[in-house]
Amino acid sequence: MRHHWSLFAKRVLLTLLLTLLAGWLIGYPREALLLFLISYLAWTLIQSFRLHHWLYRGLLTDPPESNGLWGELFDGIYRLQMKNARSRDRLQAMINRVQESTNSLKDAVIMTDSTGAMEWWNQAAEDMLGFRFPNDRGVVIQNLIRTPEFKHYFTAKQYRNPLHLLSPNNKNVHLQLQITLFGEEDRLIVVQDVTRLIKLEEMRRDFVSNVSHELRTPLTVISGYLETLIDNVDQVEPKWKKALLQMQSQSNRMEALINDLLLLSRIENQGRSQRRNPIDVCSLLEGLLEDAKALIGQQSTRVTLSIETDKALNGDETQILSAFSNLVYNAVKYTPEGGDIALRWFADTTGLHFSVSDTGIGIDPVHIPRLTERFYRADPSRHSSSGGTGLGLAIVKHVLINHDARLEIQSRPGVGSTFICHFPKERIGDTANDGIN
């Protein structure tokens, strides 16, 4: 570039000197210089008009013919145009390929800007959600998916968990929607048809519920006869006494399992709690404290309760009692004699929280992600000794889901565990008891 500029400067300077020399020879140096400047300015203006006319044709045509600096300028701009055209063609081909591949997906893919205006979507989005191209381009997506749940989910920007909703086209189709932020808060929305999974889950719940109901009647009969026999154990041969006691123990375990299965099925079928009655959690926890002390009996395990807020919790009191009692009884069950159990009810800017901490056996972190699964046990060897059904934490999880809450588990083997129920601030009710400070 420096070489071209130096050559151009030399040419201009040489032309200027020749013009001055010619003017001096004829006796008019000033007039010759003025004529040179006017001619050069006119030539420059002509080249500028040619450049303007060429650039604004809107077509990649050959550049105007010219010499010197203007010729190099025309050629340089033309090369840049060709380079940009090739880059644009490559990008367009890539975009076309991406669009073709996403159109072949069974899942709906939608792109919106930060305000929710529709920018692009694939064919599956039209089938699942009823979008129409190009009529819906630029339309705010909340005007096309008109449900309060979706509007809240879209604007809250809390996209850790997917949203489940019914298809606007077919109320029998269940959809799972997941949003990802990119760019300047633009959104990529992926929608899946989960109708089959929902139907399978409903079949599983119905099966468990029906089987549990069917088992309850014969088990009640068996338990009744066993209780009668044990009440008259003195009239039974001694060799049958141990067998009867074991049968009664296993019968009680089966009855507890069936009760938990029915409770879990009922909680799942209720879905998200529509009951928004204020729950006096303070009184509820005081009752659980007394129950825990009764379970401990003469042991030296210490149980304490710290109530740091008098705010009520809006929800279903029966479900909340089931969840809290499972956490408290688990702490009592797995805390050895001489240990400590701390119950705490408190509030902060994010909402309400209930925690149960113990100095028990603890849990290996590898088991924590699966603890809330049905019948999952971190240590299967304790199955017989603990006497539990393996459904306690599953009940807790579903109760919290019904109350828009989540369960946090902190634990270290040999140190103890802490289970925390986090309720969002939308679940905060009025003061439960004005007498509590």
# chains A, B, ... in the order shown; residues from 1 in each chain; ligands from 1
>>> select_by_dssp(residues="stretch 160-360 of chain A", states="helix (DSSP H, G or I)", output="PyMOL selection string")
chain A and resi 195-231+233-235+238-270+281-296+317-334
>>> closest_residue(among="A:Ser249, A:Gln319, A:Ser209, A:Ser66", to="A:Leu284", atoms="only C-alpha atoms")
A:Gln319
>>> atom_distance(atom1="atom CA of A:Thr335", atom2="atom CA of A:Ile420")
17.1 Å
>>> select_by_dssp(residues="stretch 283-353 of chain A", states="strand (DSSP E or B)", output="VMD selection string")
chain A and resid 302 to 307 311 to 315 340 to 348 351 to 353
>>> closest_residue(among="A:Leu55, A:Val98, A:Ile46, A:Ala331", to="A:Gln81", atoms="only C-alpha atoms")
A:Leu55
>>> residues_around(residues="A:Val173", least_positions_apart="2", cutoff="10 Å", atoms="only C-alpha atoms", output="list in words")
Met128, Leu165, Leu166, Ser167, Pro168, Asn169, Asn170, Lys171, Leu175, Asp193, Val194, Thr195, Arg196 and Ile198 of chain A
>>> residues_around(residues="stretch 223-233 of chain A", least_positions_apart="6", cutoff="9 Å", atoms="only C-alpha atoms", output="PDB file with N, CA and C atoms, in the first residue's frame")
ATOM      1  N   TRP A 240     -44.904 -71.617  68.069  1.00  0.00           N
ATOM      2  CA  TRP A 240     -45.520 -70.711  67.116  1.00  0.00           C
ATOM      3  C   TRP A 240     -45.463 -69.245  67.564  1.00  0.00           C
ATOM      4  N   LYS A 241     -45.041 -69.006  68.785  1.00  0.00           N
ATOM      5  CA  LYS A 241     -45.062 -67.642  69.308  1.00  0.00           C
ATOM      6  C   LYS A 241     -44.138 -66.713  68.517  1.00  0.00           C
ATOM      7  N   LEU A 244     -45.527 -66.013  65.032  1.00  0.00           N
ATOM      8  CA  LEU A 244     -46.644 -65.064  65.038  1.00  0.00           C
ATOM      9  C   LEU A 244     -46.148 -63.626  65.187  1.00  0.00           C
ATOM     10  N   LEU A 245     -45.165 -63.426  66.072  1.00  0.00           N
ATOM     11  CA  LEU A 245     -44.632 -62.073  66.270  1.00  0.00           C
ATOM     12  C   LEU A 245     -43.949 -61.559  65.005  1.00  0.00           C
ATOM     13  N   MET A 247     -44.631 -62.529  61.938  1.00  0.00           N
ATOM     14  CA  MET A 247     -45.691 -62.287  60.960  1.00  0.00           C
ATOM     15  C   MET A 247     -46.377 -60.957  61.228  1.00  0.00           C
ATOM     16  N   GLN A 248     -46.606 -60.639  62.495  1.00  0.00           N
ATOM     17  CA  GLN A 248     -47.233 -59.360  62.822  1.00  0.00           C
ATOM     18  C   GLN A 248     -46.321 -58.193  62.449  1.00  0.00           C
ATOM     19  N   SER A 251     -46.408 -57.836  58.747  1.00  0.00           N
ATOM     20  CA  SER A 251     -47.724 -57.329  58.374  1.00  0.00           C
ATOM     21  C   SER A 251     -47.820 -55.829  58.610  1.00  0.00           C
ATOM     22  N   ASN A 252     -47.249 -55.381  59.722  1.00  0.00           N
ATOM     23  CA  ASN A 252     -47.250 -53.939  60.014  1.00  0.00           C
ATOM     24  C   ASN A 252     -46.426 -53.166  58.980  1.00  0.00           C
ATOM     25  N   GLU A 255     -48.397 -52.928  55.845  1.00  0.00           N
ATOM     26  CA  GLU A 255     -49.466 -51.943  56.003  1.00  0.00           C
ATOM     27  C   GLU A 255     -48.926 -50.519  55.895  1.00  0.00           C
TER      28      GLU A 255
END
>>> closest_residue(among="A:Glu119, A:Asp89, A:Asp280, A:Glu268", to="A:Phe133", atoms="only C-alpha atoms")
A:Glu119
>>> closest_residue(among="A:Leu327, A:Leu181, A:Leu343, A:Ile267", to="A:Val303", atoms="only C-alpha atoms")
A:Leu343
>>> atom_distance(atom1="atom CA of A:Thr301", atom2="atom CA of A:Phe419")
18.3 Å
>>> residues_around(residues="A:Pro336", least_positions_apart="3", cutoff="8 Å", atoms="only C-alpha atoms", output="compact mmCIF listing (two decimals) with N, CA and C atoms, in the first residue's frame")
# COMPACT_ATOMS: atom_id res chain seq x y z
N THR A 301 -30.67 -38.42 73.00
CA THR A 301 -30.65 -37.57 71.80
C THR A 301 -31.41 -36.28 72.08
N LYS A 333 -34.60 -41.44 63.27
CA LYS A 333 -34.27 -42.82 62.96
C LYS A 333 -32.77 -43.03 62.75
N GLY A 339 -26.85 -37.94 70.00
CA GLY A 339 -26.70 -36.97 68.93
C GLY A 339 -27.62 -35.78 69.10
N GLY A 360 -26.24 -37.49 62.55
CA GLY A 360 -26.36 -38.93 62.35
C GLY A 360 -25.26 -39.51 61.48
N ILE A 361 -25.59 -40.63 60.82
CA ILE A 361 -24.59 -41.40 60.09
C ILE A 361 -24.15 -40.70 58.81
>>> closest_residue(among="A:His174, A:Ala394, A:Arg374, A:Ile341", to="A:Ser300", atoms="only C-alpha atoms")
A:Ile341
>>> atom_distance(atom1="atom CA of A:Gln192", atom2="atom CA of A:Pro162")
10.3 Å
>>> closest_residue(among="A:Val356, A:Val139, A:Leu129, A:Ala32", to="A:Ala117", atoms="only C-alpha atoms")
A:Val139
>>> residues_around(residues="A:Asp404", least_positions_apart="3", cutoff="7 Å", atoms="only C-alpha atoms", output="ChimeraX atom specification")
/A:400-401,423-424
>>> residues_around(residues="A:Ser357", least_positions_apart="5", cutoff="12 Å", atoms="only C-alpha atoms", output="number ranges by chain")
A: 302-306, 327-332, 334-335, 339-345, 362, 408-412, 415-421
>>> write_last_selection(atoms="N, CA and C atoms", output="compact mmCIF listing (two decimals), in the first residue's frame")
# COMPACT_ATOMS: atom_id res chain seq x y z
N ARG A 302 -30.83 -35.15 71.64
CA ARG A 302 -31.42 -33.84 71.90
C ARG A 302 -32.09 -33.31 70.62
N VAL A 303 -33.31 -32.78 70.80
CA VAL A 303 -34.05 -32.19 69.67
C VAL A 303 -34.39 -30.75 70.04
N THR A 304 -34.05 -29.82 69.14
CA THR A 304 -34.34 -28.40 69.39
C THR A 304 -35.13 -27.83 68.20
N LEU A 305 -35.93 -26.81 68.49
CA LEU A 305 -36.73 -26.15 67.47
C LEU A 305 -36.47 -24.65 67.54
N SER A 306 -36.10 -24.07 66.39
CA SER A 306 -35.86 -22.63 66.30
C SER A 306 -36.86 -22.03 65.31
N LEU A 327 -39.29 -35.90 57.26
CA LEU A 327 -37.93 -35.41 57.47
C LEU A 327 -37.53 -35.52 58.93
N VAL A 328 -38.45 -35.18 59.83
CA VAL A 328 -38.14 -35.24 61.27
C VAL A 328 -37.95 -36.68 61.72
N TYR A 329 -38.83 -37.59 61.31
CA TYR A 329 -38.73 -38.98 61.73
C TYR A 329 -37.49 -39.65 61.16
N ASN A 330 -37.09 -39.28 59.93
CA ASN A 330 -35.84 -39.80 59.37
C ASN A 330 -34.64 -39.36 60.21
N ALA A 331 -34.66 -38.11 60.66
CA ALA A 331 -33.56 -37.62 61.49
C ALA A 331 -33.49 -38.40 62.80
N VAL A 332 -34.66 -38.66 63.40
CA VAL A 332 -34.68 -39.43 64.64
C VAL A 332 -34.19 -40.86 64.40
N TYR A 334 -32.12 -42.07 62.09
CA TYR A 334 -30.73 -42.27 61.70
C TYR A 334 -29.73 -41.50 62.55
N THR A 335 -30.20 -40.92 63.65
CA THR A 335 -29.28 -40.24 64.57
C THR A 335 -29.04 -41.13 65.78
N GLY A 339 -26.85 -37.94 70.00
CA GLY A 339 -26.70 -36.97 68.93
C GLY A 339 -27.62 -35.78 69.10
N ASP A 340 -27.56 -34.89 68.11
CA ASP A 340 -28.37 -33.66 68.13
C ASP A 340 -29.19 -33.55 66.86
N ILE A 341 -30.43 -33.10 67.03
CA ILE A 341 -31.33 -32.83 65.90
C ILE A 341 -31.85 -31.41 66.06
N ALA A 342 -31.70 -30.59 65.00
CA ALA A 342 -32.12 -29.19 65.06
C ALA A 342 -33.14 -28.92 63.98
N LEU A 343 -34.32 -28.43 64.40
CA LEU A 343 -35.36 -28.02 63.46
C LEU A 343 -35.38 -26.51 63.39
N ARG A 344 -35.49 -25.96 62.18
CA ARG A 344 -35.43 -24.50 62.04
C ARG A 344 -36.44 -24.04 60.98
N TRP A 345 -37.21 -23.02 61.33
CA TRP A 345 -38.18 -22.40 60.41
C TRP A 345 -37.81 -20.92 60.30
N GLY A 362 -24.94 -39.77 58.30
CA GLY A 362 -24.58 -39.07 57.08
C GLY A 362 -24.80 -39.92 55.84
N GLU A 408 -33.28 -29.30 49.25
CA GLU A 408 -31.82 -29.26 49.21
C GLU A 408 -31.28 -30.23 50.27
N ILE A 409 -30.30 -31.05 49.87
CA ILE A 409 -29.74 -32.04 50.78
C ILE A 409 -28.23 -31.79 50.91
N GLN A 410 -27.79 -31.63 52.16
CA GLN A 410 -26.37 -31.47 52.46
C GLN A 410 -25.99 -32.58 53.44
N SER A 411 -24.94 -33.32 53.11
CA SER A 411 -24.59 -34.44 53.99
C SER A 411 -23.13 -34.84 53.80
N ARG A 412 -22.54 -35.33 54.90
CA ARG A 412 -21.20 -35.91 54.86
C ARG A 412 -21.20 -37.15 55.74
N VAL A 415 -20.67 -37.32 59.70
CA VAL A 415 -20.82 -35.97 60.26
C VAL A 415 -22.28 -35.63 60.50
N GLY A 416 -23.12 -35.98 59.55
CA GLY A 416 -24.55 -35.67 59.70
C GLY A 416 -25.13 -35.17 58.40
N SER A 417 -26.42 -34.82 58.46
CA SER A 417 -27.14 -34.39 57.26
C SER A 417 -28.01 -33.19 57.58
N THR A 418 -28.29 -32.40 56.53
CA THR A 418 -29.23 -31.29 56.63
C THR A 418 -30.15 -31.33 55.43
N PHE A 419 -31.45 -31.37 55.69
CA PHE A 419 -32.46 -31.35 54.64
C PHE A 419 -33.20 -30.01 54.75
N ILE A 420 -33.22 -29.25 53.65
CA ILE A 420 -33.83 -27.92 53.66
C ILE A 420 -34.93 -27.85 52.61
N CYS A 421 -36.11 -27.43 53.05
CA CYS A 421 -37.24 -27.20 52.13
C CYS A 421 -37.31 -25.71 51.83
